[in-house]
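Structure first, then comments.
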Amino acid sequence: MTKRDISICVNGKWYELAVEPYETLLDVLRDRLGHTGTKSGCAKGECGACTVNIDGKAILSCLTLAVQVDGKEILTIEGLHKGAEPHPLQEAFVKQAAVQCGYCTPGMIMNAKALLNHNSNPSEKEVRKTLSSNLCRCTGYERPVKAILEAATIMRGKDER
Amino acid sequence: MKDRLSVVGKSVRRIDALDKVTGRAKYCIDLKVDDMLHAKLLRSPYPHARVTKIDTTRAENHPRIRAIATIDEVPRVVGYWWNLRTEKAMKRMYLQDNVVRFRGDPVLGVAADDEESAQEALSLIDVEYEELPALFDPIEAMKEDHLKIHEGGNIAIHVAKKFGDVDQGFKQADYVFENRFVTSKQKHASIEPIGTAIADYGRSGRLTVYTSTQLPHWSRIYLAGALGLPVNRVRVIKPYTGGAFGGRCGLIHGLEVMCCFLSRKAGRPVKMSFSREEDFEATEARHPFIIELKTGVTKDGILTANSIKLILDVGGYGTHYIGVLADALSTGVGLYRCPNVTFEGYCVYTNKSLNGAFRGYGNPQMNFAQESQMDMIAEKLAMDPVEFRVKNYRGLGEIDPVFDVPIRSDGMKDCLAKGAKKFGWNKKRTRKVDEGTKRRGVGMSCLQHGTGARFGLPDPASAIVMLNADGSANLLTAAADDGQGNRTVLAQIAAEELGIPLEQISVSDTDTDVAPLDGGTHGSRQTYCGGLAVKRAAADAKMALLRFASQHLNVEEKSLEIKDGVVYDVKDRSTNIRVGDLMRKVQIEDLSRCEQIIGYASGVAPAMPPTFGAHFAEVEVDMETGEVYVVKLVGAFDVGRAINPANVEGQIIGGEAMGIGYALTEGLIIDNGKIVNNNFTDYRILRACDVPQIDAIIVESNEPTGPFGAKGIGEATMVGTAAAIANAIYDAIGVRMKELCITQEKILEAIDRGARASGV
C-alpha cells in the first residue's frame, strides 16, 4: 500500500505527514507526534481513553484513520490549557479529587469538553450519560461527574463576565 | 491532637494530579528509549501441550528481526516473595521446561525494528506441539494423578487448620447451616492494559527495566535471579501506572523477563506492550473459589462451630495462591468470635490462564460465602442482621486467632451504626416498595481486612528524608503509587512530622537506584507500613535538626518544636529560627560543618491491624427480565485515621463500584480453555450510567500502632459488596444466590426455581 500525504492541525500547529492508509489518528498522535497524553486502552472503541476533539466534537481517535482527518483541526488534552493556567475542566478534576490513576482522565476531560461546547449547563444525568463512553476503574465516576458539573458552572460564569 | 495537625487529615490536592490532567504524566506505555526494538509474543494455541520443535530459520532471515528468545531458554517466574526467604525456595521460582499450560502461554518472543515486523515474524516461525490432555475443572484436576500439570502434581498446596473442637461445637448448636458457594474469575481491567515493559540490558552489564509494577524492589530481585545478575546491577523504574488492583503484583507472565532476554541478545533496548485481549487472556485474574461452609449456632445467636472447605482454581501457574488462601482466613476465622473452627484449603492447578493477586486477595470470595451464610442464620433466628453481627464480631482487645495478636482499634460498631443510619436500614427493611414486575430488597454485610503482611510475608518499608539548604525536603521512597494517591499521603506524613509545609516536600521517582527497599504496594499497606517508615525517617531528620537548633538557639532540645517551617522554644516563642536559615548555616555557611541532614528508617511495621467495614445495599430486581439494578450503596470503613479524606472516599466509592461488578457482571467465561469475553463489550465493568448513589462513610478509631492513628483502606472497600448485594437480592426475590457473578440468567433461573419450590 502506498502512503498518503495529509496535513493536520494538532493544538494549533500544522503537520505535513505521509501516513499509511491503515494508520489511526491515535497512532499518529502518540507515535509520530509524541502527544502521549491521548491514551490507548483497548484500541477498538470501547474504553474512551483515546477521546480527542475535532470540530468541537468528541472523537475516538483509535477508530479514526489518519487519512480521514486530512485538513482537520484536532484538539488533544495537551492543547487545552492556556500557558501555565489549566483549563477549568482540568482545574476542577484536580480540585474535586477526580483523578486517581489518571489514565482515563484525558479522555474524560476531552469528552466533557465536547459536551460543554454544545451544552453549557448539563444536568448530572446528561453528564453521566456522556461520561458513559469513558471507562474508569478507579473512581466509580462520582468525582469526575462532580468535577465536570463544577467546571460547567465556572465556565458559564466566565462567559458572562 | 487533631486540632494540632497541620496537613494530616486534610484533603490536599494530589501531588501528581496536574501532570495527569494536562497529559504530561508518562505511563510505561508512553515511554520510548533511543534505539529501542519492539517485541511480540508467540502464544500457545493449546491449553496444554509440549513444545517439541521450534523452527525460526525463516524469521531469522527477516531483515528487521533482531532477536528471538524461546521457551527453551527463558525461565518463567512463579511463586512470590515468600520464595525469596531461602536460596532453595528462590530456585523454585524459575520454572524452565517446554510445556505450555494454558491457551495463550508464551512460547517465544521476537524483537524487531517495529511492531509490524515483529508481528510478521511470528507467522514465519514454525512450532510443533505434542498436545496433552487438558484439565479445566479443579475438582477433576484434584482427582487426576496420572495427568500432572506440574511435576509435583495438581494440588499446589493443601492447608488444614484447626481451632477448638468443631465436633463438640456442632453438638452444642441448635441449628446447623450447610451451603456451597462458587465465585467467578474477575479481571482487574485497569484502563492502562497490563503488560508494558522496556528492558535495556546495557553492554556494561547493567540492566534497566521500566515496568508498571506494584513491587519495584521484589521485581528487581526476581529479575536479578532470572538473568543471573547481582541485584545491584538491576535497576527497576516504575513510571506512572494506569491502575493495578493486584494485577501488577509481581512480574507479568511473559513480559519483563522476555524483554530482558531479548535485549541481552539484541544488544538494544526492547519494549513490549500487550494488547487488551492479551491482558484479558494471559495475565493474572482473581482466583475462583468453591466454598463449602457449615456453621453451627445456638437459638440465642451464638456461633458454636464453623467448618470451611475451600478449593482455589490456581490456573496454569501459581503465584499468590498461598497468600490468597491465607487471606480467606481473615473472614473465615478472624471476623467472628467462634471457638471451634476447621479450615481446609486446596489450591489446584488447571489449564487456564493464571490467577494471582486481586484487591482483597481471598477475602471477597470468602466474605461472599460467610456473609451470605450469616444472613441466612439471622433470618432463621429472626434477628436483625446488623444486631447479629454486633453480637458476634471479634472486637477491641480480643485476640485474632489467625495471627494470635490483639485487636487494638475497632470501629466496627460505628461502621454498622453510621452505615445503617445513612442507609435508612430500619425504615427500608420494614417498608418495601414493589412496583409492577419490580421487587426491591435490602441487604448488608460486614468485614475485616488486615493492613499489610506483617505476620505472613517479608514486609519491609523504608524511607529517606533529606533536608535541603532552604529548609525544604526530599522524600525518597519506592512505595509504588498505582493511582491510589499514596505518594501524596506519604508527603503529608513527612510534612506533618517535620513541621514544614507540604509544598516543601518533594517525593522521589519510584526507582530502585534512588529509593530504598520497600515491600511493594499490596495489602492496603502503603499508608500504614510506608507511612510508618516515612514518619520515622522524618523524625530521625527532625532530631538531627533540633540538635543543631539547640546549639544555635542555646535552648534545650526537648523545649524545641517545629511548625510552619520555624523552630521555636515552646516556653518563649520569640526564640526561634526558620528551618531554612538553620539548614543553610549547617550545610553551607558553617565551613567547619557543611553537612546535609539525612533521616532514614527501614524495617517492618509492628502490627497488621484490621480495617473494619460495613456495606448496605438496596436493589431492584425485575422479576420478568432478571435484571438487577443497585439503587443505593453505603460503605462505612474504619481506617483508624484518614490522612487524606478525599483519597479515602475515592477508594471507598471506587472499590464499591468494582464490588458491584464482582457481584453482578464480572466473570471471565472460559470455553475449552479459551477466554470468550476478552474485551470490554463482553466483559462488563460498570460505566458512569450504571453506578448508583454510593455514600462513603469514614470512621476513625485511631490505631495506636499507625502513623497518626491510620490503618489501611484500599482492599477492604470491595470485600463485602458482593455479599451485601446478594443478600439484598434474596430479600427482593426470596431465592438465595450462591454463585458469582449473579447474572440476569441466573436470577431468572432462581426465580423459576423459587416458584417451583413454593408450588406456584
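Starting from 1 in every chain, residues are counted up; chains themselves are A, B, ... following the order of the C-alpha cells, and ligands are numbered from 1 as listed.
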Can I get the residues of region 55-147 of chain A within 6 Å of region 30-50 of chain A, each with the closest pair of atoms and their distance in Å to one decimal, using only C-alpha atoms, sorted chain first then ascending number, as JSON lines?
{"residue": "A:Leu60", "atom": "CA", "partner": "A:Cys50", "partner_atom": "CA", "distance": 5.7}
{"residue": "A:Ser61", "atom": "CA", "partner": "A:Cys50", "partner_atom": "CA", "distance": 5.5}
{"residue": "A:Cys62", "atom": "CA", "partner": "A:Ala43", "partner_atom": "CA", "distance": 5.4}
{"residue": "A:Cys104", "atom": "CA", "partner": "A:Ala49", "partner_atom": "CA", "distance": 5.0}
{"residue": "A:Gly107", "atom": "CA", "partner": "A:Ala49", "partner_atom": "CA", "distance": 4.5}
{"residue": "A:Ser133", "atom": "CA", "partner": "A:Gly48", "partner_atom": "CA", "distance": 5.7}
{"residue": "A:Asn134", "atom": "CA", "partner": "A:Gly48", "partner_atom": "CA", "distance": 4.4}
{"residue": "A:Leu135", "atom": "CA", "partner": "A:Cys47", "partner_atom": "CA", "distance": 5.0}
Taking only C-alpha atoms into account, what are the residues of chain B at most 9 Å from chain A, put as a compact mmCIF listing (two decimals) with N, CA, C and O atoms, in the first residue's frame?
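Final file, selection_21.txt:
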# COMPACT_ATOMS: atom_id res chain seq x y z
N SER B 11 -7.83 17.09 53.00
CA SER B 11 -7.95 16.57 51.63
C SER B 11 -7.14 17.44 50.68
O SER B 11 -7.68 18.12 49.82
N VAL B 12 -5.82 17.40 50.86
CA VAL B 12 -4.97 18.22 49.99
C VAL B 12 -4.98 17.65 48.57
O VAL B 12 -5.29 16.49 48.36
N ARG B 13 -4.65 18.50 47.62
CA ARG B 13 -4.59 18.06 46.22
C ARG B 13 -3.47 17.05 46.03
O ARG B 13 -2.41 17.17 46.64
N ARG B 14 -3.70 16.13 45.15
CA ARG B 14 -2.66 15.15 44.85
C ARG B 14 -1.46 15.81 44.20
O ARG B 14 -1.62 16.65 43.32
N ALA B 17 -1.63 15.25 40.34
CA ALA B 17 -2.88 15.45 39.60
C ALA B 17 -2.71 16.37 38.39
O ALA B 17 -3.26 16.11 37.32
N LEU B 18 -1.92 17.43 38.57
CA LEU B 18 -1.78 18.39 37.48
C LEU B 18 -1.09 17.77 36.26
O LEU B 18 -1.47 18.01 35.11
N LYS B 20 -1.33 14.73 35.45
CA LYS B 20 -2.26 13.79 34.85
C LYS B 20 -3.35 14.49 34.04
O LYS B 20 -3.72 14.02 32.97
N VAL B 21 -3.86 15.62 34.53
CA VAL B 21 -4.94 16.29 33.79
C VAL B 21 -4.45 17.05 32.57
O VAL B 21 -5.25 17.43 31.72
N THR B 22 -3.14 17.29 32.50
CA THR B 22 -2.63 18.02 31.34
C THR B 22 -1.99 17.08 30.32
O THR B 22 -1.47 17.52 29.30
N GLY B 23 -2.02 15.79 30.61
CA GLY B 23 -1.46 14.81 29.66
C GLY B 23 0.05 14.71 29.72
O GLY B 23 0.69 14.11 28.85
N ARG B 24 0.65 15.33 30.75
CA ARG B 24 2.11 15.31 30.85
C ARG B 24 2.64 14.04 31.52
O ARG B 24 3.81 13.72 31.38
N ALA B 25 1.79 13.40 32.31
CA ALA B 25 2.24 12.21 33.05
C ALA B 25 2.57 11.09 32.07
O ALA B 25 1.78 10.78 31.19
N LYS B 26 3.75 10.52 32.22
CA LYS B 26 4.18 9.46 31.31
C LYS B 26 3.97 8.10 31.96
O LYS B 26 4.54 7.82 33.02
N TYR B 27 3.18 7.30 31.33
CA TYR B 27 2.96 5.92 31.76
C TYR B 27 3.93 5.03 30.98
O TYR B 27 4.49 5.46 29.96
N ILE B 29 3.52 2.74 28.94
CA ILE B 29 3.11 2.59 27.54
C ILE B 29 3.51 3.81 26.70
O ILE B 29 3.64 3.73 25.49
N ASP B 30 3.75 4.96 27.36
CA ASP B 30 4.11 6.20 26.65
C ASP B 30 5.61 6.35 26.43
O ASP B 30 6.04 7.25 25.72
N LEU B 31 6.40 5.50 27.07
CA LEU B 31 7.86 5.73 27.08
C LEU B 31 8.54 5.21 25.82
O LEU B 31 8.13 4.21 25.22
N HIS B 188 -8.80 -7.62 36.57
CA HIS B 188 -8.50 -6.29 37.12
C HIS B 188 -9.01 -5.18 36.21
O HIS B 188 -9.55 -4.20 36.68
N ALA B 189 -8.80 -5.39 34.90
CA ALA B 189 -9.30 -4.43 33.90
C ALA B 189 -8.91 -2.99 34.20
O ALA B 189 -9.73 -2.08 34.10
N SER B 190 -7.66 -2.81 34.60
CA SER B 190 -7.15 -1.44 34.73
C SER B 190 -7.17 -0.83 33.34
O SER B 190 -7.02 -1.55 32.35
N ILE B 191 -7.36 0.49 33.27
CA ILE B 191 -7.56 1.07 31.93
C ILE B 191 -6.25 1.13 31.13
O ILE B 191 -6.25 1.03 29.92
N GLU B 192 -5.11 1.29 31.79
CA GLU B 192 -3.85 1.04 31.08
C GLU B 192 -3.69 -0.48 31.07
O GLU B 192 -3.56 -1.10 32.13
N PRO B 193 -3.70 -1.11 29.90
CA PRO B 193 -3.63 -2.58 29.90
C PRO B 193 -2.42 -3.07 30.68
O PRO B 193 -1.37 -2.41 30.70
N TYR B 240 4.45 6.39 35.92
CA TYR B 240 3.03 6.46 36.29
C TYR B 240 2.34 5.18 35.84
O TYR B 240 2.68 4.60 34.81
N THR B 241 1.35 4.75 36.64
CA THR B 241 0.70 3.47 36.37
C THR B 241 -0.80 3.66 36.26
O THR B 241 -1.41 4.29 37.13
N GLY B 242 -1.36 3.10 35.20
CA GLY B 242 -2.79 3.28 34.93
C GLY B 242 -3.66 2.26 35.63
O GLY B 242 -4.44 1.55 35.01
N GLY B 243 -3.53 2.17 36.95
CA GLY B 243 -4.34 1.24 37.74
C GLY B 243 -3.66 -0.11 37.85
O GLY B 243 -2.98 -0.56 36.93
N ALA B 244 -3.82 -0.77 39.00
CA ALA B 244 -3.15 -2.06 39.19
C ALA B 244 -4.09 -3.08 39.85
O ALA B 244 -4.36 -4.13 39.32
N SER B 275 -1.70 -6.31 24.14
CA SER B 275 -2.98 -5.72 23.74
C SER B 275 -3.99 -5.96 24.85
O SER B 275 -3.75 -6.72 25.79
N ARG B 276 -5.15 -5.31 24.74
CA ARG B 276 -6.22 -5.54 25.72
C ARG B 276 -6.62 -7.02 25.74
O ARG B 276 -6.87 -7.59 26.80
N GLU B 277 -6.64 -7.65 24.57
CA GLU B 277 -7.02 -9.06 24.51
C GLU B 277 -5.99 -9.92 25.25
O GLU B 277 -6.34 -10.85 25.97
N ASP B 481 2.93 4.06 43.60
CA ASP B 481 1.59 4.65 43.58
C ASP B 481 0.96 4.25 42.25
O ASP B 481 1.44 4.63 41.19
N ASP B 482 -0.09 3.45 42.31
CA ASP B 482 -0.72 2.99 41.07
C ASP B 482 -1.94 3.83 40.74
O ASP B 482 -2.72 3.48 39.85
N GLY B 483 -2.14 4.90 41.53
CA GLY B 483 -3.30 5.76 41.36
C GLY B 483 -4.03 6.02 42.66
O GLY B 483 -4.88 6.89 42.73
N GLN B 484 -3.67 5.28 43.71
CA GLN B 484 -4.37 5.42 44.99
C GLN B 484 -4.09 6.79 45.60
O GLN B 484 -4.91 7.32 46.35
N GLY B 485 -2.88 7.31 45.33
CA GLY B 485 -2.52 8.60 45.91
C GLY B 485 -1.60 8.47 47.10
O GLY B 485 -1.45 9.41 47.89
N ALA B 646 -10.29 12.82 51.16
CA ALA B 646 -10.76 12.72 49.77
C ALA B 646 -10.22 11.45 49.12
O ALA B 646 -10.92 10.77 48.36
N ASN B 647 -8.95 11.13 49.42
CA ASN B 647 -8.37 9.90 48.88
C ASN B 647 -9.09 8.68 49.43
O ASN B 647 -9.34 7.71 48.70
N GLY B 650 -12.36 8.34 47.77
CA GLY B 650 -12.12 7.86 46.41
C GLY B 650 -11.93 6.36 46.39
O GLY B 650 -12.44 5.66 45.50
N GLN B 651 -11.19 5.83 47.37
CA GLN B 651 -11.01 4.39 47.47
C GLN B 651 -12.34 3.69 47.73
O GLN B 651 -12.65 2.66 47.13
N ILE B 652 -13.13 4.25 48.64
CA ILE B 652 -14.39 3.59 49.02
C ILE B 652 -15.34 3.53 47.81
O ILE B 652 -15.86 2.46 47.46
N ILE B 653 -15.53 4.67 47.16
CA ILE B 653 -16.51 4.69 46.06
C ILE B 653 -16.01 3.84 44.89
O ILE B 653 -16.77 3.04 44.32
N GLY B 654 -14.74 3.95 44.58
CA GLY B 654 -14.17 3.13 43.50
C GLY B 654 -14.24 1.65 43.81
O GLY B 654 -14.54 0.83 42.95
N GLY B 655 -13.95 1.30 45.06
CA GLY B 655 -13.98 -0.11 45.48
C GLY B 655 -15.39 -0.67 45.45
O GLY B 655 -15.63 -1.80 45.02
N GLU B 656 -16.34 0.13 45.90
CA GLU B 656 -17.74 -0.32 45.88
C GLU B 656 -18.20 -0.56 44.44
O GLU B 656 -18.90 -1.53 44.16
N ALA B 657 -17.80 0.34 43.53
CA ALA B 657 -18.19 0.18 42.12
C ALA B 657 -17.60 -1.12 41.56
O ALA B 657 -18.28 -1.87 40.84
N MET B 658 -16.35 -1.38 41.91
CA MET B 658 -15.71 -2.62 41.46
C MET B 658 -16.42 -3.83 42.09
O MET B 658 -16.56 -4.88 41.47
N ASN B 679 -12.90 -8.70 25.95
CA ASN B 679 -12.99 -7.27 25.58
C ASN B 679 -14.03 -6.60 26.49
O ASN B 679 -14.78 -7.29 27.18
N PHE B 680 -14.08 -5.27 26.42
CA PHE B 680 -14.95 -4.52 27.34
C PHE B 680 -16.42 -4.56 26.95
O PHE B 680 -17.27 -4.09 27.70
N THR B 681 -16.72 -5.07 25.76
CA THR B 681 -18.13 -5.21 25.39
C THR B 681 -18.70 -6.46 26.06
O THR B 681 -19.82 -6.45 26.57
N ILE B 685 -17.40 -4.03 32.84
CA ILE B 685 -17.18 -3.28 34.07
C ILE B 685 -18.16 -2.11 34.04
O ILE B 685 -18.66 -1.74 32.98
N LEU B 686 -18.46 -1.56 35.21
CA LEU B 686 -19.51 -0.55 35.29
C LEU B 686 -19.14 0.73 34.55
O LEU B 686 -17.99 1.15 34.56
N ARG B 687 -20.15 1.32 33.93
CA ARG B 687 -19.99 2.62 33.31
C ARG B 687 -20.69 3.67 34.18
O ARG B 687 -21.43 3.31 35.10
N ALA B 688 -20.47 4.94 33.84
CA ALA B 688 -21.00 6.03 34.70
C ALA B 688 -22.50 5.91 34.89
O ALA B 688 -23.03 6.20 35.97
N CYS B 689 -23.21 5.46 33.85
CA CYS B 689 -24.67 5.38 33.96
C CYS B 689 -25.12 4.19 34.80
O CYS B 689 -26.28 4.11 35.21
N ASP B 690 -24.23 3.22 35.05
CA ASP B 690 -24.60 2.03 35.83
C ASP B 690 -24.39 2.21 37.32
O ASP B 690 -24.88 1.41 38.12
N VAL B 691 -23.60 3.20 37.69
CA VAL B 691 -23.21 3.32 39.10
C VAL B 691 -24.28 4.09 39.88
O VAL B 691 -24.67 5.18 39.49
N GLN B 693 -26.06 5.76 43.50
CA GLN B 693 -25.57 6.65 44.55
C GLN B 693 -24.77 5.80 45.54
O GLN B 693 -25.26 4.81 46.07
N ILE B 694 -23.51 6.17 45.74
CA ILE B 694 -22.67 5.46 46.72
C ILE B 694 -22.26 6.44 47.80
O ILE B 694 -21.65 7.48 47.50
### Message
Just checking: using only C-alpha atoms, which residue out of B:Ile669, B:Ala716, B:Cys338, B:Val433 ends up closest to Phe245 (chain B)?
### Response
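Closest to Phe245 (chain B), using only C-alpha atoms: B:Ala716.
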### Task
Go through region 278-466 of chain B and collect every residue that DSSP, computed from the backbone, puts in strand (DSSP E); the answer should be as a ChimeraX atom specification.
/B:285-286,289-297,303-315,341-349,355-356,399-400,405-406,438-450,460-466
### Message
Which residues are near region 110-115 of chain A? Cut-off 6 Å, only C-alpha atoms, ignore same chain within fewer than 5 positions. Put them as an MDAnalysis selection string.
### Response
chainID A and resid 52 56:58
Output the selection as a short mmCIF file (atom, residue, chain, number, x, y, z; two decimals), in the first residue's frame - N, CA, C and O atoms for each residue.
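Okay, this is what ended up in out11.cif:
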data_model
loop_
_atom_site.label_atom_id
_atom_site.label_comp_id
_atom_site.auth_asym_id
_atom_site.auth_seq_id
_atom_site.Cartn_x
_atom_site.Cartn_y
_atom_site.Cartn_z
N VAL A 52 -10.49 12.57 21.60
CA VAL A 52 -9.97 13.91 21.29
C VAL A 52 -11.14 14.73 20.72
O VAL A 52 -12.23 14.20 20.56
N GLY A 56 -14.83 20.52 17.56
CA GLY A 56 -15.59 20.68 18.81
C GLY A 56 -16.34 19.44 19.25
O GLY A 56 -17.04 19.46 20.25
N LYS A 57 -16.22 18.35 18.50
CA LYS A 57 -16.93 17.12 18.86
C LYS A 57 -15.96 16.06 19.39
O LYS A 57 -14.80 16.02 18.99
N ALA A 58 -16.49 15.21 20.25
CA ALA A 58 -15.66 14.13 20.81
C ALA A 58 -15.53 13.01 19.79
O ALA A 58 -16.52 12.54 19.24
#
### Message
Just list as a list in words whatever in region 581-674 of chain B DSSP marks as alpha helix (DSSP H).
### Response
Asp581, Leu582, Met583, Arg584, Pro645, Ala646, Asn647, Val648, Glu649, Gly650, Gln651, Ile652, Ile653, Gly654, Gly655, Glu656, Ala657, Met658, Gly659, Ile660, Gly661, Tyr662, Ala663 and Leu664 of chain B
What does the file look like for those residues with N, CA, C and O atoms, as an mmCIF file, in the first residue's frame?
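Saved file out_29.cif follows:
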data_model
loop_
_atom_site.group_PDB
_atom_site.id
_atom_site.type_symbol
_atom_site.label_atom_id
_atom_site.label_comp_id
_atom_site.auth_asym_id
_atom_site.auth_seq_id
_atom_site.Cartn_x
_atom_site.Cartn_y
_atom_site.Cartn_z
ATOM 1 N N ASP B 581 16.898 28.929 57.353
ATOM 2 C CA ASP B 581 18.099 29.652 57.818
ATOM 3 C C ASP B 581 19.064 28.709 58.533
ATOM 4 O O ASP B 581 20.274 28.763 58.340
ATOM 5 N N LEU B 582 18.474 27.832 59.342
ATOM 6 C CA LEU B 582 19.293 26.885 60.092
ATOM 7 C C LEU B 582 20.011 25.925 59.136
ATOM 8 O O LEU B 582 21.209 25.658 59.270
ATOM 9 N N MET B 583 19.260 25.416 58.163
ATOM 10 C CA MET B 583 19.840 24.456 57.223
ATOM 11 C C MET B 583 20.945 25.078 56.382
ATOM 12 O O MET B 583 21.937 24.437 56.068
ATOM 13 N N ARG B 584 20.735 26.329 56.003
ATOM 14 C CA ARG B 584 21.778 26.997 55.212
ATOM 15 C C ARG B 584 23.073 27.100 56.021
ATOM 16 O O ARG B 584 24.154 26.847 55.524
ATOM 17 N N PRO B 645 -8.782 12.534 53.604
ATOM 18 C CA PRO B 645 -10.160 12.026 53.496
ATOM 19 C C PRO B 645 -10.660 11.890 52.044
ATOM 20 O O PRO B 645 -11.362 10.928 51.730
ATOM 21 N N ALA B 646 -10.289 12.819 51.159
ATOM 22 C CA ALA B 646 -10.761 12.715 49.767
ATOM 23 C C ALA B 646 -10.217 11.451 49.116
ATOM 24 O O ALA B 646 -10.917 10.773 48.355
ATOM 25 N N ASN B 647 -8.955 11.133 49.424
ATOM 26 C CA ASN B 647 -8.369 9.901 48.883
ATOM 27 C C ASN B 647 -9.088 8.677 49.429
ATOM 28 O O ASN B 647 -9.339 7.710 48.705
ATOM 29 N N VAL B 648 -9.424 8.698 50.722
ATOM 30 C CA VAL B 648 -10.120 7.559 51.329
ATOM 31 C C VAL B 648 -11.492 7.390 50.679
ATOM 32 O O VAL B 648 -11.886 6.287 50.304
ATOM 33 N N GLU B 649 -12.209 8.497 50.520
ATOM 34 C CA GLU B 649 -13.528 8.407 49.874
ATOM 35 C C GLU B 649 -13.403 7.896 48.450
ATOM 36 O O GLU B 649 -14.237 7.116 47.986
ATOM 37 N N GLY B 650 -12.357 8.339 47.773
ATOM 38 C CA GLY B 650 -12.117 7.858 46.407
ATOM 39 C C GLY B 650 -11.928 6.356 46.386
ATOM 40 O O GLY B 650 -12.437 5.658 45.503
ATOM 41 N N GLN B 651 -11.193 5.830 47.368
ATOM 42 C CA GLN B 651 -11.009 4.388 47.465
ATOM 43 C C GLN B 651 -12.340 3.688 47.725
ATOM 44 O O GLN B 651 -12.648 2.659 47.134
ATOM 45 N N ILE B 652 -13.128 4.247 48.642
ATOM 46 C CA ILE B 652 -14.389 3.586 49.019
ATOM 47 C C ILE B 652 -15.337 3.531 47.811
ATOM 48 O O ILE B 652 -15.855 2.460 47.460
ATOM 49 N N ILE B 653 -15.532 4.667 47.161
ATOM 50 C CA ILE B 653 -16.507 4.695 46.064
ATOM 51 C C ILE B 653 -16.014 3.836 44.893
ATOM 52 O O ILE B 653 -16.765 3.041 44.324
ATOM 53 N N GLY B 654 -14.737 3.952 44.582
ATOM 54 C CA GLY B 654 -14.175 3.132 43.501
ATOM 55 C C GLY B 654 -14.240 1.645 43.812
ATOM 56 O O GLY B 654 -14.541 0.831 42.951
ATOM 57 N N GLY B 655 -13.949 1.298 45.063
ATOM 58 C CA GLY B 655 -13.982 -0.112 45.477
ATOM 59 C C GLY B 655 -15.389 -0.667 45.454
ATOM 60 O O GLY B 655 -15.626 -1.796 45.017
ATOM 61 N N GLU B 656 -16.341 0.130 45.904
ATOM 62 C CA GLU B 656 -17.744 -0.318 45.882
ATOM 63 C C GLU B 656 -18.198 -0.561 44.443
ATOM 64 O O GLU B 656 -18.900 -1.535 44.158
ATOM 65 N N ALA B 657 -17.799 0.340 43.534
ATOM 66 C CA ALA B 657 -18.192 0.178 42.123
ATOM 67 C C ALA B 657 -17.602 -1.115 41.559
ATOM 68 O O ALA B 657 -18.276 -1.868 40.843
ATOM 69 N N MET B 658 -16.349 -1.380 41.909
ATOM 70 C CA MET B 658 -15.712 -2.622 41.462
ATOM 71 C C MET B 658 -16.421 -3.831 42.088
ATOM 72 O O MET B 658 -16.556 -4.884 41.474
ATOM 73 N N GLY B 659 -16.890 -3.642 43.313
ATOM 74 C CA GLY B 659 -17.614 -4.695 44.023
ATOM 75 C C GLY B 659 -18.963 -4.994 43.385
ATOM 76 O O GLY B 659 -19.397 -6.157 43.352
ATOM 77 N N ILE B 660 -19.627 -3.965 42.878
ATOM 78 C CA ILE B 660 -20.897 -4.199 42.171
ATOM 79 C C ILE B 660 -20.624 -5.069 40.943
ATOM 80 O O ILE B 660 -21.358 -6.007 40.639
ATOM 81 N N GLY B 661 -19.537 -4.735 40.242
ATOM 82 C CA GLY B 661 -19.160 -5.544 39.084
ATOM 83 C C GLY B 661 -18.918 -6.991 39.477
ATOM 84 O O GLY B 661 -19.389 -7.915 38.818
ATOM 85 N N TYR B 662 -18.192 -7.185 40.580
ATOM 86 C CA TYR B 662 -17.910 -8.547 41.062
ATOM 87 C C TYR B 662 -19.211 -9.277 41.376
ATOM 88 O O TYR B 662 -19.367 -10.462 41.089
ATOM 89 N N ALA B 663 -20.156 -8.557 41.934
ATOM 90 C CA ALA B 663 -21.433 -9.176 42.306
ATOM 91 C C ALA B 663 -22.266 -9.538 41.080
ATOM 92 O O ALA B 663 -22.855 -10.622 41.029
ATOM 93 N N LEU B 664 -22.296 -8.651 40.098
ATOM 94 C CA LEU B 664 -23.333 -8.790 39.065
ATOM 95 C C LEU B 664 -22.850 -9.080 37.643
ATOM 96 O O LEU B 664 -23.536 -9.778 36.902
#
